[in-house]
$ cat data.cif   # mmCIF, C-alpha atoms
data_model
#
loop_
_atom_site.group_PDB
_atom_site.id
_atom_site.type_symbol
_atom_site.label_atom_id
_atom_site.label_comp_id
_atom_site.auth_asym_id
_atom_site.auth_seq_id
_atom_site.Cartn_x
_atom_site.Cartn_y
_atom_site.Cartn_z
ATOM 1 C CA MET A 1 1.832 -1.935 -36.272
ATOM 2 C CA ALA A 2 5.290 -1.703 -34.811
ATOM 3 C CA VAL A 3 6.086 -2.087 -31.132
ATOM 4 C CA GLN A 4 9.055 -0.359 -29.557
ATOM 5 C CA LEU A 5 10.700 -2.591 -26.945
ATOM 6 C CA LYS A 6 12.306 -1.128 -23.845
ATOM 7 C CA PRO A 7 15.986 -1.795 -23.148
ATOM 8 C CA GLY A 8 16.514 -5.412 -22.199
ATOM 9 C CA GLN A 9 13.111 -6.605 -23.390
ATOM 10 C CA GLU A 10 14.364 -7.937 -26.698
ATOM 11 C CA GLU A 11 16.995 -10.084 -24.986
ATOM 12 C CA ARG A 12 14.449 -11.392 -22.495
ATOM 13 C CA LEU A 13 12.026 -12.115 -25.316
ATOM 14 C CA GLN A 14 14.686 -13.968 -27.302
ATOM 15 C CA HIS A 15 15.568 -16.041 -24.241
ATOM 16 C CA LEU A 16 11.977 -16.978 -23.426
ATOM 17 C CA ALA A 17 11.178 -17.733 -27.050
ATOM 18 C CA SER A 18 14.169 -20.042 -27.374
ATOM 19 C CA GLN A 19 13.148 -21.854 -24.180
ATOM 20 C CA SER A 20 9.627 -22.355 -25.483
ATOM 21 C CA GLY A 21 10.656 -23.474 -28.959
ATOM 22 C CA LEU A 22 8.882 -20.534 -30.551
ATOM 23 C CA THR A 23 10.154 -17.575 -32.485
ATOM 24 C CA PRO A 24 9.930 -14.237 -30.684
ATOM 25 C CA ASP A 25 7.100 -13.240 -33.035
ATOM 26 C CA GLU A 26 5.167 -16.452 -32.299
ATOM 27 C CA LEU A 27 5.609 -15.980 -28.559
ATOM 28 C CA LEU A 28 4.406 -12.380 -28.735
ATOM 29 C CA GLN A 29 1.398 -13.353 -30.858
ATOM 30 C CA GLN A 30 0.502 -16.121 -28.398
ATOM 31 C CA GLN A 31 0.777 -13.833 -25.393
ATOM 32 C CA LEU A 32 -1.066 -10.995 -27.113
ATOM 33 C CA ASP A 33 -3.969 -13.356 -27.814
ATOM 34 C CA ARG A 34 -4.040 -14.349 -24.128
ATOM 35 C CA PHE A 35 -3.955 -10.714 -23.047
ATOM 36 C CA LEU A 36 -6.756 -9.719 -25.432
ATOM 37 C CA ASP A 37 -8.896 -12.686 -24.339
ATOM 38 C CA TYR A 38 -8.391 -11.682 -20.699
ATOM 39 C CA GLN A 39 -9.309 -8.050 -21.369
ATOM 40 C CA GLU A 40 -12.455 -9.074 -23.266
ATOM 41 C CA ASP A 41 -13.468 -11.462 -20.468
ATOM 42 C CA LEU A 42 -12.891 -8.730 -17.901
ATOM 43 C CA ALA A 43 -14.992 -6.224 -19.858
ATOM 44 C CA ARG A 44 -17.850 -8.767 -20.099
ATOM 45 C CA ALA A 45 -17.641 -9.487 -16.358
ATOM 46 C CA VAL A 46 -17.761 -5.788 -15.498
ATOM 47 C CA LYS A 47 -20.759 -5.335 -17.808
ATOM 48 C CA ARG A 48 -22.557 -8.262 -16.120
ATOM 49 C CA GLY A 49 -21.762 -6.747 -12.728
ATOM 50 C CA ASP A 50 -23.136 -3.386 -13.790
ATOM 51 C CA GLU A 51 -26.284 -5.100 -15.071
ATOM 52 C CA ASP A 52 -26.671 -6.983 -11.769
ATOM 53 C CA ILE A 53 -26.354 -3.738 -9.819
ATOM 54 C CA ALA A 54 -28.895 -2.006 -12.064
ATOM 55 C CA ALA A 55 -31.310 -4.932 -11.576
ATOM 56 C CA GLY A 56 -30.827 -4.917 -7.812
ATOM 57 C CA ARG A 57 -29.088 -8.292 -7.732
ATOM 58 C CA VAL A 58 -26.589 -7.326 -5.044
ATOM 59 C CA VAL A 59 -25.561 -8.384 -1.562
ATOM 60 C CA GLU A 60 -24.637 -5.583 0.827
ATOM 61 C CA HIS A 61 -21.158 -5.581 2.357
ATOM 62 C CA ASP A 62 -22.420 -6.239 5.899
ATOM 63 C CA GLU A 63 -24.321 -9.298 4.670
ATOM 64 C CA VAL A 64 -21.240 -10.660 2.904
ATOM 65 C CA VAL A 65 -19.181 -10.226 6.076
ATOM 66 C CA ALA A 66 -21.869 -11.938 8.153
ATOM 67 C CA ARG A 67 -22.015 -14.880 5.746
ATOM 68 C CA ILE A 68 -18.238 -15.282 5.785
ATOM 69 C CA GLU A 69 -18.106 -15.109 9.575
ATOM 70 C CA LYS A 70 -20.837 -17.740 9.797
ATOM 71 C CA LEU A 71 -18.910 -20.024 7.439
ATOM 72 C CA LEU A 72 -15.705 -19.570 9.412
ATOM 73 C CA GLN A 73 -17.466 -20.308 12.715
ATOM 74 C CA GLY A 74 -18.728 -23.578 11.284
ATOM 75 C CA ARG A 75 -15.197 -24.903 10.869
#

$ encode --input "data.cif" --output "structure tokens"
Amino acid sequence: MAVQLKPGQEERLQHLASQSGLTPDELLQQQLDRFLDYQEDLARAVKRGDEDIAAGRVVEHDEVVARIEKLLQGR
């Protein structure tokens, strides 16, 4: 797979890679792994949230606000 960089991105990438001691390819691979991990974690969290809603494990907005107000009053 080839990625087309926008104007200026290659220079920025070269600069950041040289600062980190990595090649531009290594830096991109590292950051792509982080991005993919984040996206997978986010998808799992959304799925868990959907499952909680389907199972009725929710707290209504008004209740959340009331709990927060109670916590803030206790300070």

$ closest_residue --input "data.cif" --among "A:Ala17, A:Ala66, A:Arg57, A:Asp52" --to "A:Gln29" --atoms "all atoms listed in the file"
A:Ala17

$ residues_around --input "data.cif" --residues "stretch 1-13 of chain A" --least-positions-apart "3" --cutoff "9 Å" --atoms "all atoms listed in the file" --output "list in words"
Leu16, Ala17, Ser18, Pro24, Leu27 and Leu28 of chain A

$ atom_distance --input "data.cif" --atom1 "atom CA of A:Gly74" --atom2 "atom CA of A:Gly56"
29.3 Å

$ atom_distance --input "data.cif" --atom1 "atom CA of A:Ile53" --atom2 "atom CA of A:Phe35"
26.9 Å

$ atom_distance --input "data.cif" --atom1 "atom CA of A:Ala54" --atom2 "atom CA of A:Leu71"
28.4 Å
